[in-house]
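Engineer: Sharing coords.cif below, mmCIF, C-alpha atoms:
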data_entry
#
loop_
_atom_site.label_atom_id
_atom_site.label_comp_id
_atom_site.auth_asym_id
_atom_site.auth_seq_id
_atom_site.Cartn_x
_atom_site.Cartn_y
_atom_site.Cartn_z
CA MET A 23 31.37 -14.48 12.25
CA LYS A 24 30.25 -13.91 8.69
CA THR A 25 27.74 -16.20 7.06
CA GLY A 26 26.58 -16.81 3.52
CA LEU A 27 23.15 -15.34 4.20
CA PRO A 28 22.07 -12.31 2.15
CA PHE A 29 22.77 -8.97 3.77
CA ARG A 30 20.42 -6.12 2.99
CA ARG A 31 22.63 -3.17 2.15
CA PRO A 32 21.49 0.29 1.07
CA ARG A 33 20.28 0.07 -2.50
CA PRO A 34 22.96 1.02 -5.05
CA LEU A 35 21.57 3.92 -7.03
CA TRP A 36 22.62 2.47 -10.36
CA PHE A 37 20.84 -0.80 -9.65
CA VAL A 38 17.65 0.88 -8.51
CA ALA A 39 17.80 2.93 -11.68
CA LEU A 40 18.13 -0.28 -13.70
CA LEU A 41 15.01 -1.69 -12.07
CA THR A 42 12.96 1.47 -12.29
CA THR A 43 13.80 2.92 -15.67
CA PHE A 44 10.15 2.57 -16.59
CA VAL A 45 9.54 5.89 -14.87
CA LEU A 46 12.35 7.65 -16.69
CA VAL A 47 12.02 6.73 -20.35
CA LEU A 48 8.40 7.56 -21.10
CA PRO A 49 7.64 9.12 -24.48
CA ALA A 50 7.22 12.88 -24.48
CA PRO A 51 3.39 12.89 -24.85
CA ALA A 52 3.11 10.97 -21.58
CA GLN A 53 5.06 13.58 -19.64
CA THR A 54 2.11 15.95 -19.27
CA GLY A 55 0.45 15.12 -15.93
CA GLN A 56 1.20 17.23 -12.90
CA LEU A 57 1.27 16.29 -9.23
CA ALA A 58 1.57 18.68 -6.33
CA PRO A 59 5.01 18.92 -4.67
CA GLY A 60 5.71 16.08 -2.26
CA VAL A 61 2.90 13.79 -3.44
CA ARG A 62 3.82 10.11 -2.97
CA GLY A 63 0.59 8.33 -3.84
CA LEU A 64 -2.78 8.61 -5.54
CA ALA A 65 -6.43 7.86 -5.11
CA THR A 66 -8.18 7.20 -8.41
CA ARG A 67 -11.82 8.08 -9.06
CA ALA A 68 -14.27 5.38 -7.99
CA PRO A 69 -16.75 3.84 -10.42
CA LYS A 70 -20.42 4.64 -9.94
CA ASN A 71 -22.60 2.70 -7.51
CA MET A 72 -19.89 1.53 -5.12
CA LYS A 73 -21.09 -1.40 -3.01
CA ILE A 74 -19.28 -2.22 0.23
CA ASP A 75 -19.55 -6.00 0.37
CA GLY A 76 -15.94 -7.22 0.39
CA ASP A 77 -15.83 -7.80 -3.36
CA LEU A 78 -12.93 -5.75 -4.75
CA ALA A 79 -14.21 -5.83 -8.33
CA GLU A 80 -14.81 -2.05 -8.19
CA PHE A 81 -11.12 -1.58 -7.36
CA LYS A 82 -9.86 -3.16 -10.59
CA ASP A 83 -8.48 0.18 -11.86
CA ALA A 84 -7.58 1.63 -8.46
CA PHE A 85 -4.17 2.85 -7.39
CA CYS A 86 -2.49 0.04 -5.44
CA THR A 87 0.38 -0.22 -2.96
CA PRO A 88 1.78 -3.78 -2.60
CA VAL A 89 3.28 -4.53 0.81
CA GLU A 90 5.40 -7.36 2.29
CA TYR A 91 6.20 -9.12 -0.99
CA PHE A 92 9.83 -9.92 -0.24
CA SER A 93 9.94 -12.74 2.29
CA PHE A 94 11.86 -15.82 1.14
CA ASP A 95 10.04 -18.09 3.56
CA ALA A 96 6.97 -19.54 1.84
CA LYS A 97 4.86 -19.74 4.99
CA THR A 98 5.68 -16.16 5.95
CA LEU A 99 4.78 -14.92 2.48
CA ARG A 100 1.47 -16.80 2.60
CA ASN A 101 0.58 -14.80 5.71
CA ARG A 102 2.10 -11.38 4.98
CA ALA A 103 1.70 -10.25 1.35
CA VAL A 104 -1.06 -7.65 0.98
CA GLN A 105 -2.40 -5.09 -1.45
CA PHE A 106 -3.98 -1.76 -0.45
CA PHE A 107 -6.23 0.04 -2.96
CA TYR A 108 -7.45 3.66 -2.91
CA LEU A 109 -10.50 5.29 -4.56
CA TRP A 110 -12.52 8.47 -4.12
CA ASP A 111 -15.67 10.17 -5.37
CA ASP A 112 -17.81 13.11 -4.32
CA GLU A 113 -19.34 11.08 -1.49
CA ALA A 114 -16.46 9.25 0.17
CA PHE A 115 -12.94 7.90 0.28
CA TYR A 116 -12.70 4.13 -0.25
CA ALA A 117 -9.95 1.71 0.71
CA GLY A 118 -9.63 -1.90 -0.37
CA LEU A 119 -7.49 -4.59 1.22
CA ARG A 120 -6.54 -7.99 -0.21
CA THR A 121 -4.51 -10.27 2.05
CA LEU A 122 -2.78 -13.61 2.07
CA ASP A 123 -3.73 -15.15 5.41
CA GLU A 124 -4.00 -18.79 6.46
CA ALA A 125 -5.57 -17.98 9.85
CA PRO A 126 -7.59 -14.73 9.68
CA ALA A 127 -8.92 -13.72 13.09
CA ASN A 128 -9.62 -10.74 15.30
CA PHE A 129 -10.60 -11.62 18.88
CA ALA A 130 -10.30 -8.04 20.16
CA ASP A 131 -13.29 -6.22 21.61
CA ASP A 132 -14.97 -3.50 19.57
CA ASN A 133 -12.83 -0.72 21.06
CA HIS A 134 -9.39 -2.30 20.54
CA LEU A 135 -9.46 -3.64 16.99
CA TRP A 136 -5.71 -3.26 16.47
CA GLU A 137 -5.10 -6.28 18.71
CA GLY A 138 -6.05 -8.67 15.87
CA ASP A 139 -6.09 -8.73 12.07
CA ALA A 140 -7.08 -5.15 11.24
CA VAL A 141 -6.13 -1.98 9.41
CA GLU A 142 -4.87 0.96 11.44
CA TRP A 143 -5.88 3.96 9.35
CA TYR A 144 -4.37 7.45 9.49
CA PHE A 145 -6.16 10.19 7.53
CA ASP A 146 -5.72 13.96 7.31
CA THR A 147 -7.91 16.20 5.13
CA ARG A 148 -6.98 19.57 6.64
CA GLN A 149 -6.17 22.29 4.12
CA ASP A 150 -4.60 24.85 6.46
CA GLU A 151 -1.35 25.24 8.39
CA ASN A 152 -2.32 22.27 10.59
CA PHE A 153 -2.10 19.80 7.69
CA ARG A 154 0.30 16.96 8.61
CA SER A 155 0.93 18.46 12.05
CA GLN A 156 3.31 16.97 14.60
CA ALA A 157 0.53 15.78 16.91
CA TRP A 158 -2.92 14.33 16.38
CA PRO A 159 -5.57 16.95 17.21
CA THR A 160 -7.70 16.35 20.30
CA ASN A 161 -10.55 18.76 19.52
CA ALA A 162 -13.84 17.64 17.98
CA ASN A 163 -14.10 17.31 14.19
CA PRO A 164 -10.61 18.62 13.38
CA GLY A 165 -10.44 17.15 9.87
CA ALA A 166 -7.99 14.37 10.75
CA VAL A 167 -8.61 10.92 12.21
CA HIS A 168 -6.68 7.91 13.52
CA CYS A 169 -8.95 4.88 13.44
CA TYR A 170 -9.19 1.12 12.88
CA TRP A 171 -11.25 -1.25 10.74
CA THR A 172 -11.49 -4.98 10.29
CA GLY A 173 -13.65 -7.51 8.49
CA LEU A 174 -13.62 -9.98 11.37
CA LYS A 175 -15.15 -10.64 14.76
CA GLY A 176 -13.30 -13.65 16.06
CA THR A 177 -13.04 -15.84 12.98
CA ASN A 178 -16.43 -14.77 11.61
CA ILE A 179 -16.92 -12.26 8.81
CA GLN A 180 -18.20 -9.02 10.35
CA GLY A 181 -17.22 -5.46 9.51
CA ARG A 182 -16.14 -3.39 12.52
CA PHE A 183 -14.80 0.13 13.01
CA CYS A 184 -13.51 2.11 15.99
CA LEU A 185 -11.71 5.34 16.80
CA ARG A 186 -8.44 5.66 18.67
CA PRO A 187 -8.95 5.90 22.45
CA GLY A 188 -8.44 9.46 23.60
CA TYR A 189 -9.59 10.81 20.21
CA LEU A 190 -13.20 9.65 20.21
CA ASN A 191 -14.52 13.01 18.98
CA ALA A 192 -12.32 13.09 15.89
CA ILE A 193 -15.22 12.36 13.54
CA PRO A 194 -18.98 11.79 14.03
CA LYS A 195 -18.81 8.34 12.33
CA ILE A 196 -21.40 9.21 9.67
CA MET A 197 -22.33 6.33 7.32
CA ILE A 198 -19.02 4.49 7.70
CA GLU A 199 -19.10 1.01 6.16
CA VAL A 200 -16.83 -2.03 6.32
CA GLY A 201 -17.50 -5.11 4.17
CA ALA A 202 -15.48 -8.31 3.91
CA ARG A 203 -15.35 -11.76 2.40
CA ARG A 204 -13.05 -14.76 2.47
CA THR A 205 -10.98 -15.82 -0.50
CA ARG A 206 -9.20 -19.11 -1.16
CA ARG A 207 -6.01 -17.77 0.39
CA GLY A 208 -7.05 -14.95 2.68
CA MET A 209 -9.45 -12.01 2.89
CA GLU A 210 -10.79 -9.06 0.93
CA VAL A 211 -12.03 -6.04 2.90
CA GLU A 212 -13.59 -2.74 1.80
CA PHE A 213 -13.79 0.47 3.82
CA LYS A 214 -15.96 3.51 3.08
CA LEU A 215 -15.19 6.80 4.85
CA PRO A 216 -17.70 9.49 3.77
CA TRP A 217 -16.50 13.06 3.38
CA ALA A 218 -19.44 14.08 5.59
CA ASN A 219 -17.14 13.23 8.51
CA PHE A 220 -14.86 16.07 7.38
CA PRO A 221 -17.23 19.03 6.86
CA ASP A 222 -14.45 21.52 6.10
CA PHE A 223 -13.08 19.43 3.23
CA LYS A 224 -14.55 19.61 -0.26
CA PRO A 225 -13.37 16.75 -2.50
CA LYS A 226 -12.30 17.76 -5.97
CA LEU A 227 -9.92 16.64 -8.67
CA ASN A 228 -6.23 17.15 -7.79
CA GLU A 229 -6.91 17.95 -4.13
CA VAL A 230 -4.17 16.70 -1.78
CA ILE A 231 -4.78 14.89 1.51
CA ALA A 232 -2.51 12.66 3.62
CA LEU A 233 -2.80 9.09 4.83
CA ASP A 234 -1.01 6.00 6.02
CA ALA A 235 -2.31 2.44 5.92
CA GLU A 236 -0.99 0.00 8.51
CA LEU A 237 -1.89 -3.67 8.56
CA CYS A 238 -1.91 -5.47 11.91
CA TYR A 239 -1.31 -9.24 11.75
CA SER A 240 -2.39 -11.79 14.35
CA ASP A 241 -1.78 -15.20 12.72
CA GLY A 242 -4.85 -16.44 14.58
CA GLY A 243 -4.02 -14.90 17.97
CA PRO A 244 -3.01 -11.47 19.34
CA ARG A 245 -1.14 -8.99 17.15
CA ILE A 246 2.39 -10.14 16.37
CA PHE A 247 3.41 -8.01 13.37
CA ARG A 248 2.61 -4.73 11.64
CA THR A 249 3.55 -3.09 8.36
CA PHE A 250 2.96 0.29 6.72
CA ALA A 251 2.20 1.34 3.14
CA TYR A 252 3.62 4.86 3.46
CA GLY A 253 5.12 5.53 6.85
CA SER A 254 6.15 3.81 10.07
CA PRO A 255 5.08 3.64 13.73
CA LEU A 256 5.83 7.37 13.88
CA SER A 257 2.42 7.84 12.23
CA VAL A 258 0.88 6.94 15.60
CA GLN A 259 2.43 10.07 17.11
CA GLN A 260 2.21 12.59 14.32
CA PRO A 261 0.35 13.16 11.05
CA ALA A 262 3.57 14.69 9.69
CA ASN A 263 4.65 11.10 8.96
CA LEU A 264 1.75 10.44 6.58
CA GLY A 265 2.18 10.32 2.82
CA LYS A 266 0.68 13.03 0.63
CA ILE A 267 -2.04 11.62 -1.63
CA GLN A 268 -3.53 13.38 -4.65
CA LEU A 269 -7.09 12.75 -5.86
CA VAL A 270 -6.84 11.99 -9.58
CA GLU A 271 -9.10 10.76 -12.34
CA LYS A 272 -7.06 7.67 -13.20
CA LEU A 273 -3.56 6.27 -13.03
CA ALA A 274 -1.62 7.76 -15.94
CA PRO A 275 1.97 7.01 -17.04
CA SER A 276 2.95 10.61 -16.33
CA LEU A 277 2.26 9.98 -12.63
CA TRP A 278 4.46 6.89 -12.21
CA LYS A 279 7.69 8.66 -11.34
CA ALA A 280 6.45 10.27 -8.12
CA CYS A 281 4.64 7.11 -7.00
CA GLY A 282 7.21 4.47 -7.97
CA PRO A 283 8.51 3.76 -4.44
CA VAL A 284 5.05 2.73 -3.18
CA ILE A 285 3.47 1.24 -6.30
CA THR A 286 6.55 -0.85 -7.20
CA PRO A 287 8.72 -1.13 -4.06
CA VAL A 288 12.22 -2.52 -4.56
CA ARG A 289 14.51 -4.69 -2.45
CA CYS A 290 18.23 -5.20 -3.21
CA ASP A 291 20.46 -7.83 -1.57
CA THR A 292 24.19 -8.56 -1.68
CA ALA A 293 25.31 -11.99 -0.45
CA TRP A 294 28.25 -11.89 1.97
CA THR A 295 29.99 -14.82 0.25
CA GLN A 296 30.08 -15.21 -3.54
CA ASN A 297 32.04 -17.57 -5.79
CA SER A 298 31.84 -15.26 -8.78
CA ARG A 299 32.21 -11.63 -9.65
CA PRO A 300 30.23 -9.51 -7.16
CA GLN A 301 26.52 -9.68 -7.83
CA ILE A 302 23.54 -7.81 -6.48
CA THR A 303 20.04 -9.28 -6.57
CA GLY A 304 17.09 -6.94 -6.90
CA TYR A 305 13.38 -7.59 -6.47
CA MET A 306 10.57 -5.34 -7.60
CA ALA A 307 6.99 -5.81 -6.39
CA ILE A 308 4.48 -5.63 -9.24
CA PRO A 309 0.95 -4.39 -8.40
CA PRO A 310 -2.13 -5.99 -9.98
CA ASN A 311 -4.77 -4.50 -12.27
CA HIS A 312 -2.64 -2.15 -14.38
CA ALA A 313 -1.61 -4.52 -17.17
CA GLU A 314 -2.04 -1.88 -19.87
CA GLN A 315 0.02 0.72 -18.02
CA ILE A 316 2.66 -0.74 -15.73
CA GLY A 317 5.45 -3.05 -16.72
CA VAL A 318 9.20 -2.91 -16.48
CA ILE A 319 11.08 -1.26 -19.33
CA TRP A 320 14.56 -2.72 -19.64
CA ARG A 321 17.44 -1.27 -21.60
CA ASN A 322 16.00 -2.30 -24.95
CA GLY A 323 12.70 -0.58 -24.17
CA HIS A 324 10.72 -3.83 -24.03
CA VAL A 325 7.76 -3.74 -21.63
CA THR A 326 6.99 -6.91 -19.70
CA GLY A 327 4.90 -7.73 -16.69
CA ASP A 328 2.38 -10.28 -15.47
CA LEU A 329 -0.22 -8.18 -13.70
CA ARG A 330 -3.19 -10.52 -13.58
CA SER A 331 -5.74 -9.33 -11.05
CA GLY A 332 -5.21 -10.90 -7.66
CA VAL A 333 -1.70 -12.22 -8.30
CA PRO A 334 1.05 -10.36 -6.46
CA ALA A 335 4.13 -10.73 -8.63
CA ARG A 336 7.71 -9.73 -8.01
CA ARG A 337 10.43 -9.42 -10.61
CA ARG A 338 13.93 -10.67 -9.87
CA ALA A 339 17.06 -9.39 -11.58
CA VAL A 340 20.71 -10.23 -10.90
CA ALA A 341 23.36 -7.79 -12.10
CA GLU A 342 27.17 -8.02 -12.10
CA ARG A 343 27.84 -4.37 -12.69
CA PRO A 344 26.03 -1.24 -13.88
CA GLY A 345 24.12 -1.73 -17.09
CA ARG A 346 24.24 -5.53 -17.28
CA ALA A 347 21.31 -7.70 -16.17
CA ARG A 348 22.30 -11.37 -16.14
CA HIS A 349 19.00 -13.01 -15.24
CA VAL A 350 15.39 -11.93 -15.12
CA SER A 351 12.42 -14.01 -14.00
CA PHE A 352 9.01 -13.66 -12.38
CA VAL A 353 8.16 -15.13 -9.02
CA ARG A 354 4.39 -15.26 -8.49
CA HIS A 355 2.43 -15.82 -5.30
CA CYS A 356 -1.30 -16.21 -5.78
CA LEU A 357 -3.92 -14.43 -3.71
#
Please express the file's structure as C-alpha cells.

Structural biologist:
Amino acid sequence: MKTGLPFRRPRPLWFVALLTTFVLVLPAPAQTGQLAPGVRGLATRAPKNMKIDGDLAEFKDAFCTPVEYFSFDAKTLRNRAVQFFYLWDDEAFYAGLRTLDEAPANFADDNHLWEGDAVEWYFDTRQDENFRSQAWPTNANPGAVHCYWTGLKGTNIQGRFCLRPGYLNAIPKIMIEVGARRTRRGMEVEFKLPWANFPDFKPKLNEVIALDAELCYSDGGPRIFRTFAYGSPLSVQQPANLGKIQLVEKLAPSLWKACGPVITPVRCDTAWTQNSRPQITGYMAIPPNHAEQIGVIWRNGHVTGDLRSGVPARRRAVAERPGRARHVSFVRHCL
C-alpha cells in the first residue's frame, strides 16, 4: 500500500546540478588549484601551537564534513548531527569532532571504545602499492591503523584511545592525545595523531593519504547507531574503502568541485502523493566556518549562506522541473 510519506529516490542529476552549481560556475582565476586524481577530501594546515583541550577554536578554518543533517525528527537530529574537522602540520594529523548529543556517554572498557559514544578512525599513510589495500595489515608499524578515540569515560570527560583488537602493533602510540569538553548541546573532541607513529611517511604539502571517520552513537547506553564521513562498514574490512585526502594549505574555491559530496552532502526526496505538478525537494548540508568561501550560487549567480561557526545549516529547495526553484529557505539546528 502506498503512503504519502517521502520516498528517497536516486537523485535526479539535473536537480543535484541545480543545488551544486557553486562548484561549476567559478570565475576563471579560481580554477587554478590542482588535486591528485581520486581525491575526495582535504586536510588544511593547522595553526601554530595546537592545544588538545576540546576547544575547537583552532579548527575555525579547517576542512569540515557535516554528517547526519537530514533527519526530520527533531529529537533524532538533536542526537545525530555532527561535524568532523581535519588539520595537519609537520608534527601530526588532527581531527576535531562537534556533536549534538543530549546524553553523551561511553561505558565501554578501555579496550572496546566503539561500544559507546566514540570515533572509529581509519587511517592509511602508505605511499607504495599497499596503499588502500583490500585488507588491514597485521605486521608491526605498517603505516596504516584502525583505531578508536572518545572524550568520555562513563559520563565523565576523559580522553581515551585504543587500537583495534588483533592489530595492536599497528602503531607505537607515540604522543597521541585526546581532549574533550561539553557544550550546551553536546560535545567537542580533539584528536592528535603524530606522524612519528608512521615513520615511513613524510608529511608535505599536497601529499595524499586515506581515511574514514565513523561516529558511534550510544544515546546513553550501548552503541545503537553508526555513520561514516567517507565510506561505510566496508572500511572495517579493507582500507580500499577509505577516501583519498590531500594535505593542502587552505580551503580554496578551486578545490570545491572534487570535495562537494562530503563538504556539502545533498539529499533529494519525492513524495509518493502530490496534489500539484510533480515536485522534488532537495536539502544541502552547509558546513560551518567558511563564510567567505562557501555559499550556494543560484542561477542568477547570487551567493548566499549562513555559515556561523557552530551552527549546522541545511538549505531546502523545491523544484517543479529543471531550472526552476520554487522555494528556498534555511533550516538551522544549533550546536

Engineer: Counting all atoms listed in the file, which residues have an atom no more than 12 Å from (-20.4, 11.3, -1.8) in the file's coordinates? Please list them as a list in words.

Structural biologist: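 Looking at atoms near the point gives Arg67, Ala68, Pro69, Lys70, Asn71, Met72, Leu109, Trp110, Asp111, Asp112, Glu113, Ala114, Phe115, Tyr116, Ile196, Met197, Ile198, Lys214, Leu215, Pro216, Trp217, Ala218, Asn219, Phe220, Lys224, Pro225 and Lys226 of chain A.
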
Engineer: Could you work out how far atom CA of A:Ala251 lies from atom CA of A:Phe85, giving the answer in Å with one decimal?

Structural biologist: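 Distance reported for this atom pair: 12.4 Å.
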
Engineer: Fewer than 2 positions away in the same chain doesn't count, so skip those; otherwise give me all residues within 7 Å of A:Phe129, counting only C-alpha atoms, as a list of chain:residue names.

Structural biologist: A:Ala127, A:Asp131, A:Gly138, A:Lys175, A:Gly176

Engineer: Check the smallest atom-to-atom distance from each of A:Ser276, A:Ser240, A:Ala232, A:Tyr252 to A:Arg154 using only C-alpha atoms, then report the winner.

Structural biologist: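 Using only C-alpha atoms, the shortest distance to A:Arg154 belongs to A:Ala232.
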
Engineer: Translate the PyMOL selection byres ((chain A and resi 95-103) around 10) into a concrete residue list for this structure, as a PyMOL selection string.

Structural biologist: chain A and resi 88-94+104-105+120-126+207-208+237-241+247-249+334+355-357

Engineer: Suppose a student applies the PyMOL selection byres ((chain A and resi 86) around 12) to this structure; what residues should they get, written as a ChimeraX atom specification?

Structural biologist: /A:63-66,78,81-85,87-89,104-109,117-120,235,251-252,272-273,278,281-287,307-312,316,329,331-332,334

Engineer: Quick one, how far is atom CA of A:Asp77 from atom CA of A:Ala140?

Structural biologist: 17.2 Å

Engineer: Can you work out the spacing between atom CA of A:Lys73 and atom CA of A:Ala192 in Å, to one decimal?

Structural biologist: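 About the pair atom CA of A:Lys73 and atom CA of A:Ala192: they are 25.4 Å apart.
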
Engineer: Taking (-14.2, 12.8, 12.2) as a centre in this file's frame and 7 Å as the limit, can you find every polymer residue with an atom that close, using only C-alpha atoms, and give them as an MDAnalysis selection string?

Structural biologist: chainID A and resid 163:167 191:195 219:220

Engineer: Which of these residues is nearest to A:Thr172, using all atoms listed in the file: A:Asn128, A:Gln301, A:Gln56, A:Gln268?

Structural biologist: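 Answer, going by the shortest atom-to-atom distance: A:Asn128.
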
Engineer: Counting only C-alpha atoms, figure out which residue out of A:Gln259, A:Asp146, A:Ala79, A:Cys184 gets nearest to A:Ala130.

Structural biologist: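 Of the candidates, the smallest distance to A:Ala130 is held by A:Cys184.
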
Engineer: List, as a ChimeraX atom specification, every residue that the PyMOL selection byres ((chain A and resi 158) around 8) selects in the file provided.

Structural biologist: /A:155-157,159-160,166-168,259-261

Engineer: Which one of A:Pro59, A:Gly243, A:Gly304, A:Gly76 sits closest to A:Gly201 if you count only C-alpha atoms?

Structural biologist: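 Ranking A:Pro59, A:Gly243, A:Gly304, A:Gly76 by distance to A:Gly201, first place goes to A:Gly76.
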
Engineer: Considering only C-alpha atoms, state which residue in the set A:Leu135, A:Leu57, A:Leu233, A:Val200 is at the smallest distance from A:Gly253.

Structural biologist: A:Leu233

Engineer: Which residue is closest to A:Ser254? Choose from A:Glu199, A:Glu151, A:Asp132, A:Asp234 and count all atoms listed in the file.

Structural biologist: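 Ranking A:Glu199, A:Glu151, A:Asp132, A:Asp234 by distance to A:Ser254, first place goes to A:Asp234.
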